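Source file: work.cif; contents: mmCIF, C-alpha atoms and all ligand atoms.
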data_query
#
loop_
_atom_site.label_atom_id
_atom_site.label_comp_id
_atom_site.auth_asym_id
_atom_site.auth_seq_id
_atom_site.Cartn_x
_atom_site.Cartn_y
_atom_site.Cartn_z
CA MET A 1 0.00 0.00 0.00
CA PHE A 2 2.71 2.47 0.89
CA ILE A 3 4.79 2.60 -2.26
CA PRO A 4 6.29 6.09 -2.33
CA SER A 5 6.62 6.31 -6.13
CA LEU A 6 2.90 5.68 -6.59
CA PHE A 7 2.06 8.74 -4.57
CA VAL A 8 4.58 10.89 -6.40
CA VAL A 9 2.64 10.07 -9.57
CA PHE A 10 -0.67 11.02 -7.94
CA GLY A 11 0.87 14.16 -6.54
CA SER A 12 1.89 15.43 -9.95
CA VAL A 13 -1.34 14.77 -11.85
CA TRP A 14 -3.90 15.33 -9.18
CA PRO A 15 -4.38 19.12 -9.12
CA SER A 16 -5.79 19.23 -12.66
CA LEU A 17 -8.29 16.44 -11.87
CA ALA A 18 -9.81 17.62 -8.60
CA LEU A 19 -12.38 20.29 -7.84
CA ASP A 20 -10.63 23.60 -7.23
CA ASN A 21 -12.94 26.06 -5.49
CA GLY A 22 -10.59 27.01 -2.68
CA VAL A 23 -12.72 25.54 0.15
CA GLY A 24 -12.63 22.27 2.08
CA LEU A 25 -8.84 21.96 1.92
CA THR A 26 -9.12 20.00 5.16
CA PRO A 27 -12.25 17.97 5.99
CA PRO A 28 -15.11 20.32 6.91
CA MET A 29 -16.14 20.33 10.57
CA GLY A 30 -19.49 21.39 11.93
CA TRP A 31 -23.02 20.35 12.78
CA LEU A 32 -25.92 18.98 10.76
CA SER A 33 -29.50 18.60 11.97
CA TRP A 34 -30.44 15.19 10.54
CA LEU A 35 -29.28 12.41 12.88
CA ARG A 36 -30.51 14.19 16.01
CA TYR A 37 -33.55 16.11 14.76
CA SER A 38 -34.52 14.29 11.57
CA CYS A 39 -37.67 15.81 10.01
CA THR A 40 -39.35 17.05 13.17
CA ILE A 41 -41.71 19.78 11.97
CA ASN A 42 -44.35 19.97 14.70
CA CYS A 43 -43.12 22.91 16.74
CA GLU A 44 -46.19 23.00 18.94
CA GLU A 45 -45.60 19.51 20.25
CA TYR A 46 -41.76 19.63 20.04
CA PRO A 47 -40.82 23.28 20.45
CA THR A 48 -37.11 22.65 21.12
CA GLU A 49 -36.69 19.76 18.66
CA CYS A 50 -38.36 21.01 15.49
CA ILE A 51 -36.36 22.13 12.45
CA SER A 52 -36.61 25.88 12.86
CA GLU A 53 -34.56 29.05 13.06
CA ASN A 54 -34.71 28.75 16.86
CA LEU A 55 -32.96 25.39 16.76
CA ILE A 56 -30.33 26.62 14.31
CA LYS A 57 -29.65 29.83 16.25
CA ARG A 58 -29.49 27.99 19.57
CA THR A 59 -27.00 25.56 18.06
CA ALA A 60 -24.88 28.36 16.62
CA ASP A 61 -24.84 30.16 19.97
CA ALA A 62 -23.68 27.00 21.75
CA MET A 63 -21.05 26.19 19.13
CA ALA A 64 -19.57 29.65 19.51
CA SER A 65 -19.74 29.80 23.31
CA GLU A 66 -18.85 26.23 24.27
CA GLY A 67 -15.50 25.94 22.47
CA PHE A 68 -16.66 24.10 19.36
CA LEU A 69 -15.95 26.92 16.94
CA GLU A 70 -12.55 27.43 18.52
CA ALA A 71 -11.80 23.72 18.05
CA GLY A 72 -12.64 23.99 14.33
CA TYR A 73 -16.35 23.12 14.12
CA GLN A 74 -17.42 25.85 11.76
CA TYR A 75 -20.36 24.84 9.57
CA VAL A 76 -23.94 24.91 10.88
CA ILE A 77 -26.02 23.00 8.34
CA ILE A 78 -29.79 22.56 8.09
CA ASP A 79 -30.76 19.21 6.60
CA ASP A 80 -34.10 18.31 4.98
CA CYS A 81 -37.54 19.73 5.85
CA TRP A 82 -36.73 23.45 5.92
CA PRO A 83 -38.80 24.63 2.88
CA GLU A 84 -42.47 25.16 2.24
CA THR A 85 -43.94 22.24 0.30
CA THR A 86 -44.49 24.44 -2.75
CA ARG A 87 -42.26 26.99 -4.45
CA GLY A 88 -43.19 30.66 -4.54
CA ALA A 89 -44.98 32.28 -7.49
CA ASP A 90 -41.56 33.28 -8.88
CA GLY A 91 -40.46 29.62 -8.86
CA ARG A 92 -38.10 30.07 -5.94
CA LEU A 93 -37.72 27.93 -2.85
CA VAL A 94 -39.39 29.47 0.19
CA PRO A 95 -38.44 28.55 3.76
CA ASP A 96 -41.29 27.32 5.95
CA GLN A 97 -42.93 30.57 7.03
CA ALA A 98 -43.85 29.41 10.52
CA ARG A 99 -40.54 27.78 11.38
CA PHE A 100 -38.22 30.25 9.62
CA PRO A 101 -40.13 33.54 9.95
CA SER A 102 -36.99 35.71 9.56
CA GLY A 103 -35.96 34.07 6.29
CA ILE A 104 -32.78 32.26 5.35
CA LEU A 105 -30.59 35.29 4.58
CA GLU A 106 -31.18 36.66 8.09
CA LEU A 107 -30.38 33.28 9.57
CA SER A 108 -27.22 32.86 7.56
CA ARG A 109 -26.03 36.34 8.58
CA TYR A 110 -26.78 35.57 12.21
CA ILE A 111 -24.65 32.43 12.02
CA GLN A 112 -21.84 34.22 10.21
CA SER A 113 -21.89 37.04 12.77
CA LYS A 114 -20.69 34.43 15.28
CA GLY A 115 -17.72 33.52 13.08
CA LEU A 116 -19.48 30.35 11.92
CA LYS A 117 -20.51 29.34 8.40
CA PHE A 118 -23.93 28.38 7.11
CA GLY A 119 -25.01 25.31 5.16
CA ILE A 120 -28.26 24.13 3.62
CA TYR A 121 -29.75 20.94 2.14
CA GLU A 122 -31.35 20.17 -1.19
CA ASP A 123 -31.83 17.17 -3.44
CA TYR A 124 -31.21 16.49 -7.11
CA GLY A 125 -34.71 15.11 -7.77
CA ASN A 126 -38.23 16.44 -8.10
CA LEU A 127 -38.62 15.95 -4.35
CA THR A 128 -36.19 15.74 -1.45
CA CYS A 129 -36.01 12.48 0.49
CA ALA A 130 -38.68 13.79 2.89
CA GLY A 131 -40.91 15.06 0.08
CA TYR A 132 -40.08 18.78 -0.13
CA PRO A 133 -39.37 20.50 -3.47
CA GLY A 134 -36.13 19.29 -5.07
CA VAL A 135 -33.87 21.24 -7.44
CA LEU A 136 -34.71 19.23 -10.58
CA GLY A 137 -35.87 21.65 -13.27
CA HIS A 138 -34.95 24.65 -11.10
CA GLU A 139 -31.19 24.14 -10.86
CA ALA A 140 -30.05 27.61 -11.97
CA THR A 141 -32.65 29.41 -9.85
CA ASP A 142 -31.75 27.41 -6.74
CA ALA A 143 -27.97 27.79 -7.13
CA ALA A 144 -28.47 31.55 -7.51
CA THR A 145 -30.82 31.61 -4.51
CA PHE A 146 -28.25 29.86 -2.32
CA ALA A 147 -25.61 32.41 -3.31
CA GLU A 148 -28.07 35.26 -2.54
CA TRP A 149 -28.73 33.70 0.85
CA GLU A 150 -24.95 33.75 1.43
CA VAL A 151 -24.77 30.00 1.90
CA ASP A 152 -21.31 28.50 2.53
CA TYR A 153 -22.07 24.80 2.19
CA VAL A 154 -24.60 22.89 0.09
CA LYS A 155 -25.53 19.26 0.73
CA LEU A 156 -27.21 17.82 -2.35
CA ASP A 157 -29.00 14.54 -1.67
CA GLY A 158 -29.91 12.00 -4.34
CA CYS A 159 -33.48 10.77 -3.73
CA GLY A 160 -35.26 10.52 -7.08
CA ALA A 161 -32.22 11.83 -8.97
CA PRO A 162 -32.64 10.96 -12.66
CA ASP A 163 -28.94 10.77 -13.61
CA PRO A 164 -26.41 11.54 -10.88
CA ASP A 165 -23.46 11.41 -13.30
CA GLU A 166 -24.96 14.32 -15.19
CA GLY A 167 -26.85 16.20 -12.48
CA TYR A 168 -24.19 16.56 -9.80
CA PRO A 169 -21.50 18.07 -12.06
CA MET A 170 -24.12 20.34 -13.64
CA PHE A 171 -25.30 21.69 -10.29
CA GLY A 172 -21.67 22.10 -9.21
CA LYS A 173 -21.00 24.19 -12.31
CA LEU A 174 -23.99 26.38 -11.47
CA LEU A 175 -22.73 26.85 -7.92
CA ASN A 176 -19.33 27.80 -9.31
CA GLU A 177 -20.90 30.32 -11.69
CA THR A 178 -22.49 32.19 -8.80
CA GLY A 179 -18.95 33.25 -7.85
CA ARG A 180 -19.58 32.37 -4.20
CA PRO A 181 -17.28 29.61 -2.86
CA MET A 182 -19.47 26.94 -1.25
CA ILE A 183 -18.51 23.51 0.02
CA TYR A 184 -20.31 21.12 -2.30
CA SER A 185 -21.36 17.92 -0.51
CA CYS A 186 -22.70 15.28 -2.87
CA SER A 187 -24.64 12.15 -1.98
CA TRP A 188 -23.89 10.88 -5.50
CA PRO A 189 -21.90 7.66 -4.82
CA ALA A 190 -24.30 6.53 -2.07
CA TYR A 191 -26.95 6.09 -4.77
CA GLN A 192 -24.77 4.06 -7.16
CA SER A 193 -23.28 0.56 -7.05
CA HIS A 194 -20.17 1.41 -9.10
CA PRO A 195 -19.46 5.12 -8.68
CA ASN A 196 -16.82 6.82 -10.77
CA TYR A 197 -14.87 8.44 -7.94
CA TYR A 198 -12.60 10.38 -10.27
CA ALA A 199 -15.60 12.13 -11.83
CA ILE A 200 -17.06 12.72 -8.36
CA ALA A 201 -13.86 14.32 -7.03
CA LYS A 202 -13.79 16.60 -10.06
CA ALA A 203 -17.24 17.97 -9.19
CA CYS A 204 -17.61 17.73 -5.40
CA ASN A 205 -15.65 18.66 -2.26
CA ILE A 206 -17.02 15.81 -0.19
CA TRP A 207 -19.29 12.89 -0.99
CA ARG A 208 -21.32 10.36 0.92
CA ASN A 209 -20.09 6.90 -0.09
CA TYR A 210 -22.56 4.80 1.82
CA GLY A 211 -25.90 4.67 3.69
CA ASP A 212 -27.12 6.95 6.49
CA ILE A 213 -25.58 6.55 9.92
CA GLU A 214 -27.90 5.79 12.83
CA ASN A 215 -27.81 6.37 16.56
CA ASN A 216 -26.24 3.04 17.54
CA TRP A 217 -22.92 1.20 17.67
CA GLY A 218 -23.93 -1.42 15.09
CA SER A 219 -24.37 1.32 12.52
CA VAL A 220 -20.98 2.91 13.28
CA LEU A 221 -19.28 -0.48 13.08
CA ASN A 222 -21.08 -1.38 9.86
CA ILE A 223 -19.88 1.84 8.21
CA MET A 224 -16.32 1.29 9.47
CA ASN A 225 -16.28 -2.24 8.12
CA TRP A 226 -17.69 -1.10 4.79
CA PHE A 227 -14.99 1.59 4.50
CA GLY A 228 -12.30 -0.94 5.42
CA SER A 229 -13.53 -3.52 2.91
CA ASN A 230 -13.96 -1.08 0.02
CA GLN A 231 -11.13 1.37 0.73
CA ASP A 232 -9.13 0.50 -2.40
CA GLU A 233 -11.91 1.98 -4.54
CA PHE A 234 -11.75 5.48 -3.11
CA ALA A 235 -9.17 6.12 -0.36
CA GLN A 236 -6.55 7.35 -2.83
CA ILE A 237 -8.95 9.98 -4.21
CA ALA A 238 -8.93 11.95 -0.95
CA GLY A 239 -6.74 15.03 -0.70
CA PRO A 240 -7.07 18.75 0.05
CA GLY A 241 -10.47 19.86 -1.27
CA ASN A 242 -11.78 16.32 -1.74
CA PHE A 243 -12.87 13.92 0.99
CA ASN A 244 -14.86 10.71 1.39
CA ASP A 245 -17.70 11.14 3.90
CA PRO A 246 -18.74 8.23 6.14
CA ASP A 247 -21.55 10.45 7.56
CA MET A 248 -22.20 12.32 10.81
CA LEU A 249 -20.64 11.83 14.25
CA VAL A 250 -23.11 10.05 16.54
CA ILE A 251 -21.04 11.15 19.57
CA GLY A 252 -23.01 12.80 22.40
CA ASN A 253 -26.30 11.06 21.60
CA SER A 254 -27.80 8.11 23.46
CA GLY A 255 -26.54 5.46 21.03
CA LEU A 256 -22.81 5.28 21.84
CA SER A 257 -20.90 4.61 25.06
CA VAL A 258 -17.81 6.69 25.82
CA ASP A 259 -15.56 3.90 24.47
CA GLN A 260 -17.63 3.61 21.30
CA ALA A 261 -17.62 7.38 20.84
CA ARG A 262 -13.82 7.34 21.07
CA VAL A 263 -13.73 4.67 18.36
CA GLN A 264 -15.82 6.76 16.01
CA MET A 265 -13.77 9.91 16.59
CA ALA A 266 -10.48 8.01 16.08
CA VAL A 267 -11.50 6.10 12.95
CA TRP A 268 -13.19 9.12 11.36
CA SER A 269 -9.96 11.07 11.90
CA VAL A 270 -7.88 8.32 10.32
CA LEU A 271 -10.30 8.42 7.38
CA ALA A 272 -9.80 12.19 6.94
CA ALA A 273 -13.58 12.36 7.27
CA PRO A 274 -15.70 15.46 7.68
CA LEU A 275 -16.37 15.86 11.42
CA ILE A 276 -20.03 16.80 11.43
CA MET A 277 -21.80 16.45 14.77
CA SER A 278 -25.56 16.03 15.10
CA VAL A 279 -26.41 16.52 18.72
CA GLU A 280 -27.95 18.99 21.18
CA VAL A 281 -24.79 21.07 21.50
CA SER A 282 -26.03 23.20 24.39
CA SER A 283 -26.56 20.29 26.79
CA MET A 284 -24.03 17.58 26.05
CA GLU A 285 -22.51 15.33 28.70
CA PRO A 286 -18.95 16.50 29.48
CA GLU A 287 -17.30 13.15 28.66
CA PHE A 288 -18.65 13.29 25.10
CA LYS A 289 -17.84 16.96 24.72
CA GLU A 290 -14.26 16.16 25.71
CA ILE A 291 -14.02 13.58 22.92
CA LEU A 292 -15.40 15.98 20.31
CA LEU A 293 -13.04 18.72 21.48
CA ASN A 294 -9.89 16.55 21.68
CA LYS A 295 -7.34 18.81 19.97
CA ASP A 296 -4.83 16.05 19.22
CA VAL A 297 -7.43 13.86 17.54
CA ILE A 298 -8.82 16.80 15.57
CA ALA A 299 -5.26 17.57 14.45
CA VAL A 300 -5.05 14.07 12.96
CA ASP A 301 -8.29 14.63 11.06
CA GLN A 302 -7.17 18.05 9.85
CA ASP A 303 -3.64 17.05 8.83
CA PRO A 304 -2.78 19.40 5.94
CA MET A 305 -1.53 16.59 3.69
CA GLY A 306 -5.14 15.39 3.54
CA LYS A 307 -4.18 11.79 2.98
CA GLN A 308 -6.84 9.25 3.94
CA GLY A 309 -5.76 6.37 6.16
CA LEU A 310 -6.49 2.69 5.67
CA ARG A 311 -7.50 -0.34 7.66
CA VAL A 312 -4.19 -2.18 7.40
CA TRP A 313 -4.89 -5.23 9.52
CA THR A 314 -7.78 -7.22 10.98
CA GLY A 315 -7.56 -10.13 13.45
CA LEU A 316 -8.61 -13.61 12.34
CA ASP A 317 -12.16 -13.23 13.63
CA GLY A 318 -12.26 -9.56 12.60
CA GLN A 319 -12.48 -8.43 16.21
CA ASP A 320 -9.34 -6.31 16.39
CA GLN A 321 -8.42 -3.92 13.61
CA ILE A 322 -5.53 -1.55 12.95
CA TRP A 323 -6.28 1.72 11.17
CA HIS A 324 -3.24 3.67 9.95
CA ARG A 325 -2.97 7.18 8.55
CA GLU A 326 0.14 8.90 7.22
CA LEU A 327 0.53 12.44 8.52
CA SER A 328 2.78 15.31 7.61
CA GLY A 329 6.23 15.36 9.23
CA ASN A 330 6.60 11.60 8.58
CA ALA A 331 4.33 10.92 11.54
CA ARG A 332 1.51 8.40 11.57
CA ALA A 333 -1.73 7.95 13.47
CA LEU A 334 -2.62 4.38 14.43
CA ALA A 335 -5.98 3.39 15.87
CA PHE A 336 -6.15 -0.05 17.47
CA VAL A 337 -9.84 -0.91 17.47
CA ASN A 338 -11.57 -3.68 19.37
CA SER A 339 -14.92 -4.22 17.67
CA GLY A 340 -15.94 -7.06 19.98
CA GLU A 341 -17.50 -7.44 23.41
CA THR A 342 -14.44 -8.83 25.20
CA THR A 343 -11.18 -7.09 26.13
CA VAL A 344 -8.33 -7.57 23.65
CA GLU A 345 -4.74 -7.86 24.84
CA ALA A 346 -2.57 -7.96 21.77
CA SER A 347 0.95 -7.64 20.52
CA TYR A 348 1.47 -6.37 16.99
CA THR A 349 4.53 -6.57 14.74
CA TYR A 350 5.83 -3.71 12.58
CA GLU A 351 4.66 -5.76 9.60
CA GLN A 352 1.10 -5.94 10.94
CA MET A 353 1.11 -2.22 11.69
CA LYS A 354 2.66 -1.43 8.24
CA LEU A 355 5.30 0.67 9.93
CA PRO A 356 8.63 1.62 8.35
CA LEU A 357 11.44 0.21 10.48
CA GLN A 358 12.69 2.92 12.83
CA ASP A 359 12.32 4.07 16.44
CA TYR A 360 9.13 5.94 17.32
CA ILE A 361 7.95 8.11 20.16
CA LEU A 362 4.29 7.29 20.85
CA GLN A 363 1.80 9.84 22.03
CA ASP A 364 -1.49 8.45 23.37
CA LEU A 365 -4.11 10.76 21.86
CA TYR A 366 -6.70 9.93 24.54
CA LYS A 367 -4.05 10.51 27.23
CA GLU A 368 -4.43 7.20 29.05
CA GLU A 369 -0.67 6.70 29.26
CA GLU A 370 2.58 8.66 29.19
CA LYS A 371 4.73 8.96 26.07
CA ARG A 372 6.59 5.76 25.30
CA THR A 373 9.33 4.79 22.91
CA LEU A 374 8.99 1.90 20.49
CA ARG A 375 12.35 0.52 19.29
CA ALA A 376 12.67 -0.44 15.63
CA GLY A 377 11.24 -3.93 15.15
CA GLU A 378 9.92 -4.24 18.69
CA ASP A 379 6.40 -5.68 19.06
CA PHE A 380 3.77 -3.23 20.19
CA LYS A 381 1.69 -4.35 23.16
CA VAL A 382 -1.70 -2.90 23.80
CA LYS A 383 -4.84 -3.62 25.79
CA ILE A 384 -8.15 -2.49 24.28
CA ASN A 385 -11.53 -2.22 26.02
CA PRO A 386 -14.56 -3.99 24.55
CA THR A 387 -15.92 -1.88 21.65
CA GLY A 388 -13.06 0.51 22.36
CA VAL A 389 -9.90 1.95 20.87
CA ARG A 390 -6.32 2.92 21.69
CA PHE A 391 -5.21 5.78 19.50
CA TYR A 392 -1.60 6.92 19.10
CA LYS A 393 0.49 9.31 17.11
CA PHE A 394 3.75 7.64 16.06
CA VAL A 395 6.49 10.23 15.59
CA PRO A 396 9.83 8.98 14.22
CA LYS A 397 12.37 9.40 16.99
CA ILE A 398 14.75 11.14 14.66
CA GLU A 399 12.10 13.80 13.87
CA GLU A 400 11.39 14.25 17.56
CA ASP A 401 15.12 14.83 18.17
CA ILE A 402 15.25 17.47 15.42
CA VAL A 403 12.28 19.29 16.98
CA ARG A 404 13.98 19.23 20.34
CA GLU A 405 17.21 20.67 18.90
CA ASN A 406 15.24 23.44 17.23
CA GLU A 407 13.66 24.25 20.56
CA ILE A 408 17.08 24.55 22.18
CA TYR A 409 18.79 26.75 19.58
C1 LIG B 1 -40.09 15.15 -12.45
O1 LIG B 1 -41.36 15.73 -12.61
C2 LIG B 1 -41.69 15.95 -13.98
C3 LIG B 1 -42.99 16.73 -14.00
O2 LIG B 1 -43.97 16.10 -13.23
C4 LIG B 1 -41.80 14.59 -14.67
O3 LIG B 1 -42.08 14.79 -16.04
C5 LIG B 1 -40.46 13.89 -14.56
O4 LIG B 1 -40.54 12.59 -15.10
C6 LIG B 1 -40.03 13.79 -13.10
N1 LIG B 1 -38.64 13.30 -13.06
C7 LIG B 1 -38.24 12.35 -12.23
C8 LIG B 1 -36.82 11.93 -12.34
O5 LIG B 1 -38.95 11.86 -11.38
C1 LIG B 2 -14.85 28.10 -10.21
O1 LIG B 2 -14.00 27.22 -10.91
C2 LIG B 2 -12.72 27.77 -11.23
C3 LIG B 2 -12.00 26.77 -12.12
O2 LIG B 2 -11.85 25.53 -11.48
C4 LIG B 2 -11.97 28.06 -9.94
O3 LIG B 2 -10.71 28.61 -10.21
C5 LIG B 2 -12.79 29.03 -9.11
O4 LIG B 2 -12.16 29.22 -7.87
C6 LIG B 2 -14.21 28.48 -8.89
N1 LIG B 2 -14.98 29.49 -8.20
C7 LIG B 2 -15.88 29.23 -7.26
C8 LIG B 2 -16.57 30.38 -6.67
O5 LIG B 2 -16.15 28.09 -6.90
#
Exercise: express the given structure as structure tokens:
Amino acid sequence: MFIPSLFVVFGSVWPSLALDNGVGLTPPMGWLSWLRYSCTINCEEYPTECISENLIKRTADAMASEGFLEAGYQYVIIDDCWPETTRGADGRLVPDQARFPSGILELSRYIQSKGLKFGIYEDYGNLTCAGYPGVLGHEATDAATFAEWEVDYVKLDGCGAPDPDEGYPMFGKLLNETGRPMIYSCSWPAYQSHPNYYAIAKACNIWRNYGDIENNWGSVLNIMNWFGSNQDEFAQIAGPGNFNDPDMLVIGNSGLSVDQARVQMAVWSVLAAPLIMSVEVSSMEPEFKEILLNKDVIAVDQDPMGKQGLRVWTGLDGQDQIWHRELSGNARALAFVNSGETTVEASYTYEQMKLPLQDYILQDLYKEEEKRTLRAGEDFKVKINPTGVRFYKFVPKIEEDIVRENEIY
């Protein structure tokens, strides 16, 4: 997998093949309404849960005041169920009048006034997945409307899409022609059995490869296993401005334990995945907030090289897995995942970890142990909780020594 010359070849051809709109150079981070709030539209019965400007403003306030913006979570994105069920007389999309009385431009400016960015949802079909008006037949009007609303991020779903291979690039071109840089999130490959990832990366910043995530561990594990099993089809496409998207972070909701939440955060960071929460930000349990705000793990996700990591090893019964990402500065991030219900005590060889033979200084990214040194060729011993992870940054000892010298002189 790690043949240097192969990547030199990619490095030299890639820029002309990938979307170049200046945004999403590292995986976008933020919040999206869907997993937590779905299509709740009854504000009388569910005043704090319904998709409304109150929910979006409350979330933006909490993201700005509770350290999320500072940690890099920037985009606040409304998913489906925001518009009226019919377009206006002028053919334009209209936000639900009762739930978004101030209008979308006001809302987007409110969010941006906090230093955050604003995202919205649409669908390349006649109807969105929940049955609201889709962009089909109104593509130019809707792209222009999003730019007028000062949108920074567009998620385009694929329910009822007639021809994704044609529609997604066309809508991307229309977004480009507005002159407003917007992250373009495409659900294109999730609706196809053999997606052309090169064409997708040319049109989109990020793309949903697979089905919707749900609020439970089985769903997180299923997505991880799918990414591990199919990685050779798309991992090499990732790079600055282009990322595979395994879907939202479940962290902070009822469906994951602390150990399981740590697994998702670690593996998503190895995958260079967008880190998009979907949770009640203003009242999250501190142990989950700590995971989402872990600076060292976020730094892995946001590594400027933008290279997606791989599942490099799985145990015989598939219970333990090693996920490995190359980082800038010749460092690596390795997540040792235990997908099973019993504790794993393991010892891994350099070969199993796919590590170049040299000494490393290991930094435990969840801070359960002090720094340790691994000598070239030495087996790596680790104990992993049931449905848990140990996550380390491996820094070549020689690099660490150089840094130390620079600090001295
Ligand atoms: C979209 O709606 C139009 C008008 O009703 C119809 O002709 C067309 O077949 C629909 N397209 C799809 C992909 O459903
Ligand atoms: C539009 O595309 C051109 C060519 O790829 C690019 O240079 C420019 O930054 C894009 N503009 C926007 C607003 O996306």
Point to revise | Straight-line distance linking atom CA of A:Asp79 with atom CA of A:Glu166, stated in Å to one decimal | key: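 Value for the atom CA of A:Asp79-atom CA of A:Glu166 distance: 23.1 Å.
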Once you count all atoms listed in the file, which residues end up within 6 Å of ligand LIG 2 (chain B), and could you hand them over as an mmCIF file with C-alpha atoms, in the coordinates of the input?
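Output (out_25.cif):
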data_model
loop_
_atom_site.group_PDB
_atom_site.id
_atom_site.type_symbol
_atom_site.label_atom_id
_atom_site.label_comp_id
_atom_site.auth_asym_id
_atom_site.auth_seq_id
_atom_site.Cartn_x
_atom_site.Cartn_y
_atom_site.Cartn_z
ATOM 1 C CA ASP A 20 -10.630 23.600 -7.230
ATOM 2 C CA ASN A 21 -12.940 26.060 -5.490
ATOM 3 C CA GLY A 22 -10.590 27.010 -2.680
ATOM 4 C CA ASN A 176 -19.330 27.800 -9.310
ATOM 5 C CA GLY A 179 -18.950 33.250 -7.850
ATOM 6 C CA ARG A 180 -19.580 32.370 -4.200
ATOM 7 C CA PRO A 181 -17.280 29.610 -2.860
#
Give me the chain A side of the contact with ligand LIG 1 (chain B), cut-off 6 Å, one line per residue showing its nearest atom pair and distance in Å at one decimal, counting all atoms listed in the file, sorted by chain and residue number, as a Markdown table.
| residue | atom | partner | partner_atom | distance |
| --- | --- | --- | --- | --- |
| A:Gly125 | CA | B:LIG1 | C8 | 6.0 |
| A:Asn126 | CA | B:LIG1 | C1 | 4.9 |
| A:Gly160 | CA | B:LIG1 | C8 | 5.7 |
| A:Ala161 | CA | B:LIG1 | C8 | 5.7 |
| A:Pro162 | CA | B:LIG1 | C8 | 4.3 |
Review point. Hey, can you pull every residue with an atom no more than 12 Å from (-7.3, -9.7, 14.1), using all atoms listed in the file, and send it as a list in words?
Key: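 Every polymer residue passing the test: Arg311, Val312, Trp313, Thr314, Gly315, Leu316, Asp317, Gly318, Gln319, Asp320, Gln321, Ile322, Trp323, Phe336, Val337, Asn338, Ser339, Gly340, Val344, Glu345, Ala346, Ser347, Tyr348, Gln352 and Met353 of chain A.
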Exercise for review: Considering all atoms listed in the file, return as an MDAnalysis selection string whatever protein or nucleic-acid residues lie within 10 Å of A:Val151, sequence-local ones (same chain, fewer than 3 positions apart) excluded.
Suggested key: chainID A and resid 77 104:105 108:109 112 117:120 143 145:148 154 180:183
Exercise for review: Would you list the contacts of A:Tyr197 as a PyMOL selection string, taking every protein, DNA or RNA residue within 12 Å and counting only C-alpha atoms, but skipping same-chain residues closer than 6 positions in sequence?
Suggested key: chain A and resi 17-18+165+186+188-190+203-209+231-238+242-244
Review point. Atom CA of A:Tyr73 and atom CA of A:Leu127, how far apart in Å?
Key: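 Atom-to-atom, atom CA of A:Leu127 to atom CA of A:Tyr73, that is 29.8 Å.
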**Study point:** Nearby residues (all atoms listed in the file) at most 12 Å from A:Ser102, same-chain spacing under 6 positions excluded, as a PyMOL selection string
**Key:** chain A and resi 52-54+57+94-96+108-110
May I have the residues at most 12 Å from (-5.7, 16.7, 8.1) in the file's coordinates, counting all atoms listed in the file, as a CSV table (one decimal) with C-alpha atoms, keeping the file's coordinate frame?
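Saved file out-v1.csv follows:
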chain,number,residue,atom,x,y,z
A,24,GLY,CA,-12.6,22.3,2.1
A,25,LEU,CA,-8.8,22.0,1.9
A,26,THR,CA,-9.1,20.0,5.2
A,27,PRO,CA,-12.2,18.0,6.0
A,28,PRO,CA,-15.1,20.3,6.9
A,29,MET,CA,-16.1,20.3,10.6
A,72,GLY,CA,-12.6,24.0,14.3
A,238,ALA,CA,-8.9,12.0,-1.0
A,239,GLY,CA,-6.7,15.0,-0.7
A,240,PRO,CA,-7.1,18.8,0.0
A,241,GLY,CA,-10.5,19.9,-1.3
A,242,ASN,CA,-11.8,16.3,-1.7
A,243,PHE,CA,-12.9,13.9,1.0
A,268,TRP,CA,-13.2,9.1,11.4
A,269,SER,CA,-10.0,11.1,11.9
A,270,VAL,CA,-7.9,8.3,10.3
A,271,LEU,CA,-10.3,8.4,7.4
A,272,ALA,CA,-9.8,12.2,6.9
A,273,ALA,CA,-13.6,12.4,7.3
A,274,PRO,CA,-15.7,15.5,7.7
A,275,LEU,CA,-16.4,15.9,11.4
A,296,ASP,CA,-4.8,16.0,19.2
A,297,VAL,CA,-7.4,13.9,17.5
A,298,ILE,CA,-8.8,16.8,15.6
A,299,ALA,CA,-5.3,17.6,14.4
A,300,VAL,CA,-5.0,14.1,13.0
A,301,ASP,CA,-8.3,14.6,11.1
A,302,GLN,CA,-7.2,18.0,9.8
A,303,ASP,CA,-3.6,17.0,8.8
A,304,PRO,CA,-2.8,19.4,5.9
A,305,MET,CA,-1.5,16.6,3.7
A,306,GLY,CA,-5.1,15.4,3.5
A,307,LYS,CA,-4.2,11.8,3.0
A,308,GLN,CA,-6.8,9.2,3.9
A,309,GLY,CA,-5.8,6.4,6.2
A,325,ARG,CA,-3.0,7.2,8.6
A,326,GLU,CA,0.1,8.9,7.2
A,327,LEU,CA,0.5,12.4,8.5
A,328,SER,CA,2.8,15.3,7.6
A,332,ARG,CA,1.5,8.4,11.6
A,333,ALA,CA,-1.7,8.0,13.5
Practice item. Excluding A:Met265 and any residue of its chain fewer than 6 positions from it, enumerate the residues within 8 Å of it, using all atoms listed in the file, and give them as a PyMOL selection string. Key: chain A and resi 249+251+291-292+297
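Note that the spacing between atom CA of A:Thr349 and atom CA of A:Asp379 amounts to 4.8 Å.
In terms of minimum interatomic distance to A:Glu214, A:Met248 ranks closest within A:Leu355, A:Ile200, A:Met248, A:Ile398, counting only C-alpha atoms.
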